[in-house]
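Colleague: Have a peek at coords_39.txt (compact mmCIF, C-alpha atoms).
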# COMPACT_ATOMS: atom_id res chain seq x y z
CA MET A 68 -57.43 38.26 23.14
CA LEU A 69 -59.50 41.07 24.67
CA SER A 70 -63.21 40.74 25.27
CA ALA A 71 -65.71 43.25 23.90
CA GLU A 72 -66.01 44.77 27.36
CA GLU A 73 -62.26 45.18 27.62
CA TRP A 74 -62.06 46.75 24.18
CA GLY A 75 -64.75 49.18 25.29
CA ILE A 76 -62.61 50.12 28.28
CA VAL A 77 -59.57 50.71 26.09
CA VAL A 78 -61.52 52.82 23.61
CA LEU A 79 -63.07 54.88 26.43
CA SER A 80 -59.63 55.44 27.98
CA LEU A 81 -58.17 56.58 24.68
CA LYS A 82 -61.15 58.87 24.11
CA VAL A 83 -60.92 60.40 27.60
CA GLY A 84 -57.13 60.83 27.32
CA GLY A 85 -57.26 62.19 23.78
CA VAL A 86 -59.95 64.77 24.48
CA ALA A 87 -58.32 65.78 27.77
CA VAL A 88 -54.96 66.42 26.12
CA LEU A 89 -56.26 68.20 23.02
CA VAL A 90 -58.46 70.56 25.03
CA THR A 91 -55.66 71.23 27.53
CA LEU A 92 -52.97 71.81 24.91
CA PRO A 93 -53.77 75.44 23.95
CA ILE A 94 -54.44 76.40 27.59
CA ALA A 95 -51.23 74.77 28.76
CA PHE A 96 -49.24 76.40 25.95
CA ALA A 97 -50.61 79.84 26.80
CA LEU A 98 -49.74 79.31 30.48
CA ALA A 99 -46.27 78.02 29.59
CA TRP A 100 -45.66 81.04 27.34
CA LEU A 101 -46.89 83.44 30.01
CA LEU A 102 -44.70 81.89 32.72
CA ALA A 103 -41.64 81.60 30.46
CA ARG A 104 -41.74 85.05 28.89
CA TYR A 105 -43.39 87.54 31.22
CA ARG A 106 -42.81 88.97 34.67
CA PHE A 107 -46.08 90.18 36.19
CA PRO A 108 -47.61 90.52 39.63
CA GLY A 109 -49.16 87.22 40.69
CA ARG A 110 -46.81 85.17 38.53
CA VAL A 111 -45.60 83.13 41.50
CA VAL A 112 -49.20 82.46 42.54
CA LEU A 113 -50.15 81.38 39.03
CA ASP A 114 -47.11 79.13 38.86
CA ALA A 115 -48.10 77.52 42.18
CA LEU A 116 -51.73 77.06 41.08
CA VAL A 117 -50.65 75.37 37.85
CA HIS A 118 -48.45 72.98 39.81
CA LEU A 119 -51.02 72.29 42.52
CA PRO A 120 -52.52 69.12 40.96
CA LEU A 121 -49.01 67.66 40.84
CA VAL A 122 -48.57 67.81 44.61
CA LEU A 123 -52.13 67.56 45.95
CA PRO A 124 -53.54 64.13 46.73
CA PRO A 125 -55.57 63.34 43.57
CA VAL A 126 -58.63 62.67 45.69
CA VAL A 127 -58.49 66.28 46.89
CA THR A 128 -58.26 67.51 43.30
CA GLY A 129 -61.31 65.37 42.49
CA TRP A 130 -63.17 66.79 45.46
CA LEU A 131 -62.33 70.35 44.40
CA LEU A 132 -63.60 69.57 40.89
CA LEU A 133 -66.77 68.19 42.48
CA ILE A 134 -67.27 71.43 44.39
CA ALA A 135 -66.65 73.62 41.35
CA PHE A 136 -68.24 71.55 38.58
CA GLY A 137 -70.93 69.63 40.49
CA PRO A 138 -74.59 70.53 39.87
CA LEU A 139 -74.49 73.03 42.75
CA GLY A 140 -70.99 74.30 42.09
CA PRO A 141 -70.44 77.76 40.58
CA VAL A 142 -69.06 76.47 37.27
CA GLY A 143 -71.32 73.42 37.13
CA ARG A 144 -74.48 75.49 37.60
CA TRP A 145 -73.36 77.91 34.90
CA LEU A 146 -72.56 75.11 32.41
CA GLU A 147 -75.93 73.51 33.15
CA SER A 148 -78.03 76.65 32.70
CA TRP A 149 -76.21 78.02 29.66
CA PHE A 150 -75.30 74.88 27.73
CA GLY A 151 -77.45 72.22 29.37
CA MET A 152 -74.16 70.48 29.96
CA THR A 153 -73.35 68.35 32.95
CA LEU A 154 -69.99 66.76 33.66
CA MET A 155 -70.92 64.73 36.72
CA PHE A 156 -70.86 60.96 36.11
CA ARG A 157 -70.08 61.54 32.43
CA TRP A 158 -67.00 60.67 30.38
CA THR A 159 -66.55 64.39 29.75
CA GLY A 160 -66.10 64.79 33.52
CA ALA A 161 -63.48 62.03 33.43
CA ALA A 162 -61.73 63.98 30.67
CA LEU A 163 -61.84 67.14 32.81
CA ALA A 164 -60.30 65.28 35.77
CA ALA A 165 -57.61 63.83 33.51
CA ALA A 166 -56.95 67.25 31.94
CA THR A 167 -56.54 68.86 35.36
CA MET A 168 -54.01 66.26 36.40
CA ALA A 169 -52.13 66.47 33.09
CA LEU A 170 -51.96 70.28 33.00
CA PRO A 171 -48.88 70.79 35.21
CA LEU A 172 -46.84 68.17 33.34
CA MET A 173 -47.74 69.71 30.01
CA VAL A 174 -46.98 73.25 31.15
CA ARG A 175 -43.59 72.15 32.50
CA ALA A 176 -42.56 70.38 29.30
CA MET A 177 -43.55 73.29 27.07
CA ARG A 178 -42.19 75.98 29.33
CA LEU A 179 -38.77 74.39 29.19
CA SER A 180 -38.73 74.36 25.41
CA ILE A 181 -40.04 77.94 25.23
CA GLU A 182 -37.30 79.10 27.60
CA ASN A 183 -34.77 77.35 25.38
CA ILE A 184 -35.71 79.32 22.27
CA ASP A 185 -32.87 81.64 21.28
CA ARG A 186 -34.69 84.96 21.41
CA ARG A 187 -32.05 86.59 19.23
CA LEU A 188 -33.45 84.52 16.36
CA GLU A 189 -36.78 86.27 16.89
CA GLY A 190 -34.98 89.63 16.69
CA ALA A 191 -33.34 88.53 13.45
CA ALA A 192 -36.74 87.57 12.03
CA ARG A 193 -38.16 90.98 12.93
CA THR A 194 -35.37 92.80 11.08
CA LEU A 195 -36.20 90.64 8.05
CA GLY A 196 -39.74 92.00 7.99
CA ALA A 197 -41.66 89.55 10.20
CA SER A 198 -44.42 90.93 12.40
CA ARG A 199 -44.70 89.64 15.96
CA TRP A 200 -47.34 87.10 14.87
CA HIS A 201 -45.49 85.94 11.80
CA CYS A 202 -42.38 85.54 13.91
CA PHE A 203 -44.34 83.45 16.43
CA TRP A 204 -45.73 81.09 13.80
CA THR A 205 -42.57 80.71 11.71
CA ILE A 206 -39.80 80.89 14.32
CA SER A 207 -40.90 80.57 17.96
CA LEU A 208 -43.53 77.84 17.61
CA PRO A 209 -41.50 75.56 15.31
CA LEU A 210 -38.52 75.88 17.65
CA ALA A 211 -40.74 74.98 20.63
CA LEU A 212 -42.40 72.12 18.76
CA PRO A 213 -40.42 69.22 20.26
CA GLY A 214 -41.50 70.41 23.71
CA VAL A 215 -45.10 70.68 22.57
CA LEU A 216 -45.01 67.13 21.23
CA ALA A 217 -43.37 65.86 24.40
CA ALA A 218 -46.08 67.61 26.42
CA LEU A 219 -48.77 65.93 24.32
CA VAL A 220 -47.32 62.48 24.90
CA LEU A 221 -46.66 63.00 28.62
CA GLY A 222 -50.09 64.54 29.15
CA PHE A 223 -51.75 61.69 27.31
CA ALA A 224 -49.94 59.06 29.37
CA ARG A 225 -50.85 60.88 32.58
CA SER A 226 -54.48 61.18 31.43
CA ILE A 227 -55.06 57.50 30.67
CA GLY A 228 -53.49 56.62 34.02
CA GLU A 229 -55.67 58.97 36.06
CA PHE A 230 -57.44 57.32 38.96
CA GLY A 231 -57.96 59.30 42.17
CA ALA A 232 -59.44 62.52 40.85
CA THR A 233 -61.57 60.63 38.33
CA ILE A 234 -63.18 58.19 40.76
CA THR A 235 -63.85 61.04 43.23
CA PHE A 236 -65.33 63.38 40.65
CA VAL A 237 -67.26 61.14 38.26
CA SER A 238 -67.37 57.79 40.09
CA ASN A 239 -66.77 54.41 38.44
CA ILE A 240 -69.52 53.80 35.89
CA PRO A 241 -69.06 51.03 33.30
CA GLY A 242 -69.08 52.38 29.77
CA GLU A 243 -69.09 56.01 30.91
CA THR A 244 -66.27 56.75 33.35
CA ARG A 245 -64.61 53.35 33.88
CA THR A 246 -61.23 53.90 32.26
CA LEU A 247 -58.32 51.44 32.41
CA PRO A 248 -57.14 52.09 35.98
CA LEU A 249 -60.71 52.11 37.31
CA ALA A 250 -61.48 48.89 35.46
CA ILE A 251 -58.39 47.25 36.93
CA TYR A 252 -59.44 48.39 40.39
CA SER A 253 -62.95 47.00 39.83
CA ALA A 254 -61.68 43.69 38.48
CA LEU A 255 -59.50 43.31 41.57
CA GLN A 256 -62.65 43.42 43.72
CA VAL A 257 -64.29 40.55 41.78
CA PRO A 258 -63.39 36.89 42.54
CA GLY A 259 -61.80 35.39 39.43
CA GLY A 260 -60.99 38.76 37.92
CA GLU A 261 -57.23 38.14 37.94
CA ALA A 262 -56.99 37.26 34.25
CA MET A 263 -58.69 40.50 33.30
CA VAL A 264 -56.48 42.45 35.69
CA THR A 265 -53.40 40.94 34.08
CA ARG A 266 -54.49 41.77 30.55
CA LEU A 267 -55.50 45.33 31.39
CA ALA A 268 -52.38 45.91 33.48
CA LEU A 269 -50.11 44.70 30.67
CA LEU A 270 -51.97 47.01 28.32
CA SER A 271 -51.42 49.93 30.70
CA VAL A 272 -47.73 49.16 30.94
CA ALA A 273 -47.44 49.00 27.15
CA LEU A 274 -49.26 52.31 26.64
CA SER A 275 -47.26 54.13 29.32
CA LEU A 276 -43.93 52.72 28.21
CA GLY A 277 -44.67 53.65 24.61
CA ALA A 278 -45.52 57.19 25.66
CA LEU A 279 -42.36 57.53 27.78
CA VAL A 280 -40.08 56.25 25.04
CA LEU A 281 -41.71 58.59 22.54
CA SER A 282 -41.37 61.62 24.82
CA GLU A 283 -37.76 60.75 25.70
CA TRP A 284 -36.96 60.55 21.99
CA LEU A 285 -38.59 63.92 21.35
CA VAL A 286 -36.71 65.59 24.21
CA ARG A 287 -33.44 64.10 23.02
CA ARG A 288 -34.10 65.47 19.57
CA THR A 289 -34.45 68.97 20.98
CA HIS A 290 -31.25 68.75 22.99
CA GLY A 291 -29.36 67.19 20.10
CA ALA A 292 -30.46 69.99 17.83
CA ARG A 293 -29.49 72.62 20.37
CA GLN A 294 -26.02 71.20 20.80
CA ARG A 295 -25.48 71.13 17.08
CA HIS A 296 -26.49 74.77 16.69
CA GLY A 297 -24.31 75.94 19.54
CA ASP A 298 -25.44 78.03 22.52
CA MET B 104 -28.50 108.39 1.34
CA ALA B 105 -27.60 110.02 4.64
CA ILE B 106 -28.04 108.25 7.91
CA ASP B 107 -28.56 110.68 10.77
CA ILE B 108 -28.21 109.29 14.27
CA ASP B 109 -28.45 111.09 17.59
CA VAL B 110 -29.39 108.77 20.44
CA THR B 111 -28.96 108.37 24.16
CA LYS B 112 -29.64 105.16 26.00
CA ARG B 113 -29.03 104.22 29.59
CA LEU B 114 -28.25 100.52 30.04
CA GLY B 115 -27.64 99.59 33.66
CA GLU B 116 -24.61 101.53 34.86
CA ARG B 117 -23.49 102.96 31.56
CA THR B 118 -24.95 105.53 29.24
CA ILE B 119 -24.55 105.12 25.52
CA VAL B 120 -24.39 108.35 23.57
CA ALA B 121 -24.02 108.43 19.80
CA ARG B 122 -24.29 111.40 17.50
CA PHE B 123 -23.09 111.13 13.93
CA THR B 124 -24.16 111.18 10.32
CA ALA B 125 -23.09 108.57 7.82
CA GLY B 126 -23.01 109.02 4.07
CA PRO B 127 -22.66 106.46 1.32
CA GLY B 128 -20.07 103.72 1.60
CA LEU B 129 -19.06 101.91 4.73
CA THR B 130 -19.12 103.80 8.01
CA ALA B 131 -17.18 101.99 10.70
CA LEU B 132 -18.20 102.40 14.33
CA PHE B 133 -14.87 101.84 15.94
CA GLY B 134 -14.11 101.52 19.62
CA PRO B 135 -13.22 99.18 22.48
CA SER B 136 -15.42 96.23 23.46
CA GLY B 137 -18.22 97.23 25.76
CA ALA B 138 -18.50 100.76 24.40
CA GLY B 139 -22.05 100.12 23.23
CA LYS B 140 -21.42 99.74 19.50
CA THR B 141 -23.78 96.79 19.17
CA SER B 142 -26.43 98.64 21.15
CA ILE B 143 -26.28 101.46 18.62
CA LEU B 144 -26.91 99.01 15.78
CA ASN B 145 -29.77 97.46 17.77
CA MET B 146 -31.32 100.90 18.17
CA VAL B 147 -31.08 101.53 14.43
CA ALA B 148 -32.66 98.12 13.75
CA GLY B 149 -35.46 98.77 16.23
CA LEU B 150 -34.49 95.95 18.59
CA LEU B 151 -33.57 98.41 21.35
CA LYS B 152 -35.44 101.60 22.12
CA PRO B 153 -33.38 104.76 22.70
CA ASP B 154 -34.29 106.92 25.71
CA ARG B 155 -34.29 109.96 23.47
CA GLY B 156 -32.95 111.32 20.21
CA HIS B 157 -33.65 110.49 16.60
CA ILE B 158 -32.69 108.07 13.87
CA ARG B 159 -33.28 109.03 10.24
CA ILE B 160 -32.43 107.39 6.93
CA GLY B 161 -32.69 109.87 4.08
CA ASP B 162 -36.06 111.53 4.56
CA ARG B 163 -37.50 108.60 6.55
CA THR B 164 -37.67 108.96 10.32
CA LEU B 165 -37.25 105.60 12.06
CA PHE B 166 -37.30 107.04 15.56
CA ASP B 167 -37.84 110.36 17.26
CA GLY B 168 -40.02 111.70 20.05
CA ALA B 169 -43.19 110.97 18.06
CA THR B 170 -42.19 108.03 15.85
CA ASP B 171 -40.92 104.57 16.68
CA LEU B 172 -41.16 102.28 13.68
CA LEU B 173 -41.42 98.55 14.28
CA PRO B 174 -38.29 96.61 13.27
CA GLU B 175 -40.17 94.91 10.43
CA THR B 176 -41.03 98.22 8.76
CA ARG B 177 -37.59 99.87 8.98
CA ARG B 178 -35.94 98.30 5.91
CA VAL B 179 -32.72 97.93 7.84
CA GLY B 180 -30.76 94.77 7.07
CA TYR B 181 -28.77 93.25 9.93
CA VAL B 182 -25.88 90.81 9.75
CA PHE B 183 -25.10 89.58 13.23
CA GLN B 184 -21.80 88.53 14.71
CA ASP B 185 -22.94 84.91 14.98
CA GLY B 186 -25.00 84.61 11.79
CA ARG B 187 -28.21 83.72 13.58
CA LEU B 188 -29.51 81.55 10.80
CA PHE B 189 -32.81 79.86 11.59
CA PRO B 190 -31.78 76.33 12.60
CA HIS B 191 -35.06 74.72 11.53
CA ARG B 192 -34.94 76.03 7.96
CA ARG B 193 -32.66 75.00 5.17
CA VAL B 194 -30.35 77.58 3.60
CA ARG B 195 -32.82 78.29 0.80
CA ALA B 196 -35.66 78.93 3.27
CA ASN B 197 -33.37 81.15 5.35
CA LEU B 198 -32.53 83.20 2.27
CA THR B 199 -36.14 83.64 1.16
CA TYR B 200 -37.52 84.40 4.64
CA GLY B 201 -37.26 88.18 4.35
CA HIS B 202 -37.54 88.18 0.55
CA ASP B 203 -41.03 86.66 0.70
CA LEU B 204 -42.13 89.16 3.35
CA ALA B 205 -40.82 92.24 1.55
CA ASP B 206 -43.04 94.45 -0.58
CA PRO B 207 -42.12 93.44 -4.17
CA ALA B 208 -41.50 97.12 -4.96
CA ASN B 209 -38.79 97.20 -2.28
CA ARG B 210 -36.87 94.14 -3.43
CA TRP B 211 -33.79 94.94 -5.46
CA MET B 212 -32.18 91.53 -5.72
CA SER B 213 -33.53 88.14 -6.73
CA LEU B 214 -32.64 84.85 -5.10
CA ASP B 215 -30.60 83.87 -8.17
CA GLU B 216 -28.68 87.13 -8.12
CA ALA B 217 -27.92 86.81 -4.41
CA VAL B 218 -26.80 83.20 -4.82
CA GLN B 219 -24.56 84.24 -7.70
CA PHE B 220 -23.20 87.29 -5.90
CA LEU B 221 -22.24 85.27 -2.81
CA GLY B 222 -21.31 81.99 -4.47
CA ILE B 223 -23.60 79.90 -2.29
CA GLY B 224 -25.46 77.88 -4.94
CA HIS B 225 -24.09 74.59 -3.61
CA LEU B 226 -25.39 75.32 -0.09
CA LEU B 227 -29.07 75.85 -0.84
CA ASP B 228 -30.31 72.47 0.36
CA ARG B 229 -28.07 72.28 3.42
CA TRP B 230 -29.09 72.81 7.05
CA PRO B 231 -27.46 75.75 8.89
CA HIS B 232 -25.74 73.49 11.45
CA SER B 233 -23.77 71.82 8.66
CA LEU B 234 -22.24 75.09 7.39
CA SER B 235 -18.77 76.38 8.21
CA GLY B 236 -18.47 79.83 9.81
CA GLY B 237 -17.67 81.49 6.50
CA GLU B 238 -20.51 79.76 4.66
CA ALA B 239 -22.99 80.66 7.40
CA GLN B 240 -21.92 84.31 7.27
CA ARG B 241 -22.38 84.41 3.47
CA VAL B 242 -25.89 83.00 3.86
CA ALA B 243 -26.64 85.52 6.61
CA ILE B 244 -25.50 88.35 4.34
CA GLY B 245 -27.64 87.00 1.50
CA ARG B 246 -30.66 86.70 3.77
CA ALA B 247 -30.30 90.35 4.81
CA LEU B 248 -29.78 91.62 1.23
CA LEU B 249 -32.76 89.68 -0.13
CA ALA B 250 -35.16 91.44 2.25
CA GLY B 251 -34.54 94.63 0.23
CA PRO B 252 -32.94 96.86 2.89
CA GLU B 253 -31.99 100.51 2.39
CA ILE B 254 -28.97 100.19 4.65
CA LEU B 255 -27.04 97.27 6.08
CA LEU B 256 -25.88 96.87 9.67
CA MET B 257 -22.94 94.55 10.28
CA ASP B 258 -21.90 93.64 13.80
CA GLU B 259 -18.35 92.27 13.78
CA PRO B 260 -19.21 89.84 10.97
CA LEU B 261 -15.62 88.54 10.80
CA SER B 262 -14.97 87.88 14.46
CA SER B 263 -15.86 84.18 14.42
CA LEU B 264 -13.86 83.39 11.27
CA ASP B 265 -10.30 82.23 10.68
CA ALA B 266 -7.85 84.42 8.74
CA ALA B 267 -8.48 82.88 5.30
CA ARG B 268 -12.28 83.20 5.58
CA ARG B 269 -11.92 86.77 6.84
CA GLY B 270 -10.29 87.77 3.56
CA ASP B 271 -13.12 86.15 1.58
CA ILE B 272 -15.89 87.86 3.53
CA MET B 273 -14.05 91.21 3.45
CA ALA B 274 -14.00 90.95 -0.34
CA VAL B 275 -17.76 90.32 -0.28
CA ILE B 276 -18.30 93.36 1.95
CA GLU B 277 -16.24 95.52 -0.40
CA ARG B 278 -18.43 94.43 -3.30
CA ILE B 279 -21.60 95.26 -1.35
CA ARG B 280 -20.10 98.68 -0.70
CA ASP B 281 -18.85 99.33 -4.26
CA GLU B 282 -21.02 97.29 -6.63
CA LEU B 283 -24.37 97.31 -4.81
CA GLU B 284 -23.65 100.76 -3.33
CA LEU B 285 -25.54 99.87 -0.20
CA PRO B 286 -24.69 102.11 2.78
CA ILE B 287 -23.22 100.03 5.59
CA LEU B 288 -22.88 100.70 9.31
CA TYR B 289 -20.10 98.44 10.42
CA VAL B 290 -19.11 97.67 14.00
CA SER B 291 -15.58 96.53 14.73
CA HIS B 292 -12.78 96.77 17.25
CA ASP B 293 -10.15 95.61 14.77
CA ARG B 294 -7.97 98.37 13.35
CA ALA B 295 -6.88 96.43 10.25
CA GLU B 296 -10.45 95.60 9.27
CA VAL B 297 -11.50 99.21 9.63
CA ASP B 298 -8.50 100.49 7.67
CA ARG B 299 -9.28 98.21 4.77
CA LEU B 300 -13.07 98.57 4.63
CA ALA B 301 -14.13 101.93 6.01
CA THR B 302 -15.09 104.92 3.92
CA SER B 303 -15.40 106.91 7.13
CA VAL B 304 -14.83 106.13 10.80
CA VAL B 305 -16.85 107.12 13.86
CA ALA B 306 -15.13 106.66 17.19
CA ILE B 307 -17.45 105.30 19.88
CA GLY B 308 -16.90 105.44 23.62
CA GLU B 309 -13.97 107.86 23.80
The structure given in the file should be rewritten as structure tokens.
Modeller:
Amino acid sequence: MLSAEEWGIVVLSLKVGGVAVLVTLPIAFALAWLLARYRFPGRVVLDALVHLPLVLPPVVTGWLLLIAFGPLGPVGRWLESWFGMTLMFRWTGAALAAATMALPLMVRAMRLSIENIDRRLEGAARTLGASRWHCFWTISLPLALPGVLAALVLGFARSIGEFGATITFVSNIPGETRTLPLAIYSALQVPGGEAMVTRLALLSVALSLGALVLSEWLVRRTHGARQRHGD
Amino acid sequence: MAIDIDVTKRLGERTIVARFTAGPGLTALFGPSGAGKTSILNMVAGLLKPDRGHIRIGDRTLFDGATDLLPETRRVGYVFQDGRLFPHRRVRANLTYGHDLADPANRWMSLDEAVQFLGIGHLLDRWPHSLSGGEAQRVAIGRALLAGPEILLMDEPLSSLDAARRGDIMAVIERIRDELELPILYVSHDRAEVDRLATSVVAIGE
């Protein structure tokens, strides 16, 4: 059904989305925890920064990434000289763009579930002999888990759909940065590319719908559980 | 084992002051709602930090100007008004939570003994949300006892139960007091409860 080229596009998209989400997960969780649990100076600014990619035009986000992570950018130069690593025009750059765009969605999903944890359960665990850490691993994290899973799914769906920031930051290179949306865009420019567009578009719809259904199910599970346990 | 409490804590507009000693048996902290009885228990458990004063159990200092033990090192069992069972763990895993964490030398009851004592053998594989109020409170008591505490705090453990279940749980509390001889600090605003259970009464907020 799919040609070898199209399979390559799908595999690249899954790779970019998977890496983006897995690398972002711990960062997003830490940010969500910080924003949900602590009051500190600069909290409002941090909150706004995290949400910025959600409201900025993606092309602006891509341009900012270019400035920061390009060969002359402060972070890009540092990565190059210390690790010999360059993100420009590479799939890793596409993953970075996708991760940046997915971050706010992931933080939001996890923050909600962290705020919903009944903190009195953590107090109960402490009186039973649990240290702060033990309490986190055995009580807080398991109770926040549905939100973490929902964040993974949402972030992944957002990542494989990323277009604007990706094409601005790492361009549209077959086999390297041409993910599903970029491939669809390219096929639209080619006479006779409609069949490929249709196949790739249907694939996108299937992947996104699957992710949405999965995340909805996970969120419902959390709420269902909370209602059963009372307040 | 004597419990020696002398604490002051300002919470918003009100100031909670408590100064009393409690001996063996059940010491009821009795007073109107909002007098700060629960806050006193929270200070003993280490969940709320007093502004000043001291809290001692026997020759162990839990809190004073120089010491402030973490809740997990206080060996103070706590049975809350609403049970507070961990919703993501079955009854068995709730019961063993503190037991597994406790220093084996400090444990004085096994899981089997606790299950027997409380009559909760048939509940072990159930989830907390499927328990009735009385069942949940039994499990919460078992969970606290299994962690090997030196004293037990109980914060209105009967308030969410109907009359029949109240009698059952009161009988359990009497057995903890008389058979296990565990000192209990018991918060209540119900005269009848206090009359039946208390070895001594401390008036709070008068």
Colleague: Counting only C-alpha atoms, a student should be able to say which residues of chain B come within 7 Å of chain A; what is the right answer, written as JSON, numbers by chain?
Modeller: {"B": [148, 150, 174, 175, 176, 179, 180, 181, 187, 189, 190, 201, 204, 205, 232, 247, 250]}
Colleague: Keeping C-alpha atoms, export the residues of the selection given above as a CSV table (one decimal), keeping the file's coordinate frame.
Modeller:
chain,number,residue,atom,x,y,z
B,148,ALA,CA,-32.7,98.1,13.8
B,150,LEU,CA,-34.5,96.0,18.6
B,174,PRO,CA,-38.3,96.6,13.3
B,175,GLU,CA,-40.2,94.9,10.4
B,176,THR,CA,-41.0,98.2,8.8
B,179,VAL,CA,-32.7,97.9,7.8
B,180,GLY,CA,-30.8,94.8,7.1
B,181,TYR,CA,-28.8,93.2,9.9
B,187,ARG,CA,-28.2,83.7,13.6
B,189,PHE,CA,-32.8,79.9,11.6
B,190,PRO,CA,-31.8,76.3,12.6
B,201,GLY,CA,-37.3,88.2,4.4
B,204,LEU,CA,-42.1,89.2,3.4
B,205,ALA,CA,-40.8,92.2,1.6
B,232,HIS,CA,-25.7,73.5,11.4
B,247,ALA,CA,-30.3,90.4,4.8
B,250,ALA,CA,-35.2,91.4,2.2
Colleague: Near stretch 231-234 of chain A, within 12 Å and counting all atoms listed in the file, which residues show up once chain neighbours fewer than 5 positions away are dropped, as a PyMOL selection string?
Modeller: chain A and resi 80+83-84+120-121+123-133+154-169+226+239-241+243-250+252-253
Colleague: What separation in Å, quoted to one decimal, exists between atom CA of B:Asp265 and atom CA of B:Gly236?
Modeller: 8.6 Å
Colleague: Quick one, how far is atom CA of B:Met104 from atom CA of B:Ile287?
Modeller: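 Computed distance, atom CA of B:Met104 to atom CA of B:Ile287, equals 10.8 Å.
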Colleague: Just the number, please: distance in Å from atom CA of A:Gly277 to atom CA of A:Phe236, one decimal.
Modeller: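 Result for atom CA of A:Gly277 versus atom CA of A:Phe236: 27.9 Å, one decimal.
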Colleague: From the list B:Ala217, B:Leu172, B:Val194, B:Met257, which residue is nearest B:Ser233 when using all atoms listed in the file?
Modeller: B:Val194
Colleague: Quick one: of A:Trp100, A:Phe136, A:Trp145, A:Trp204, who's nearest to A:Arg175, counting all atoms listed in the file?
Modeller: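 Between A:Trp100, A:Phe136, A:Trp145, A:Trp204, the residue approaching A:Arg175 most closely is A:Trp100.
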Colleague: Choose the residue, out of A:Leu269, A:Leu208, A:Val78, A:Val264, that has the smallest atom-to-atom separation from A:Asn183; count all atoms listed in the file.
Modeller: A:Leu208
Colleague: Give me the residues within 12 Å of B:Asp162 as a PyMOL selection string, counting only C-alpha atoms and dropping any in the same chain fewer than 5 places off.
Modeller: chain B and resi 104-107+253
Colleague: Would you compute an axis-aligned box for stretch 261-264 of chain A, covering every atom listed for it in the file with 6 Å of margin on each side, and report centre and edge lengths in Å to one decimal as JSON?
Modeller:
{"center_x": -57.6, "center_y": 39.9, "center_z": 35.6, "size_x": 14.2, "size_y": 17.2, "size_z": 16.6}
Colleague: Find, counting only C-alpha atoms, the residue in B:His202, B:Arg280, B:Arg155, B:Arg192 that gets nearest to B:Thr118.
Modeller: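 Looking only at the distances to B:Thr118, the closest residue turns out to be B:Arg155.
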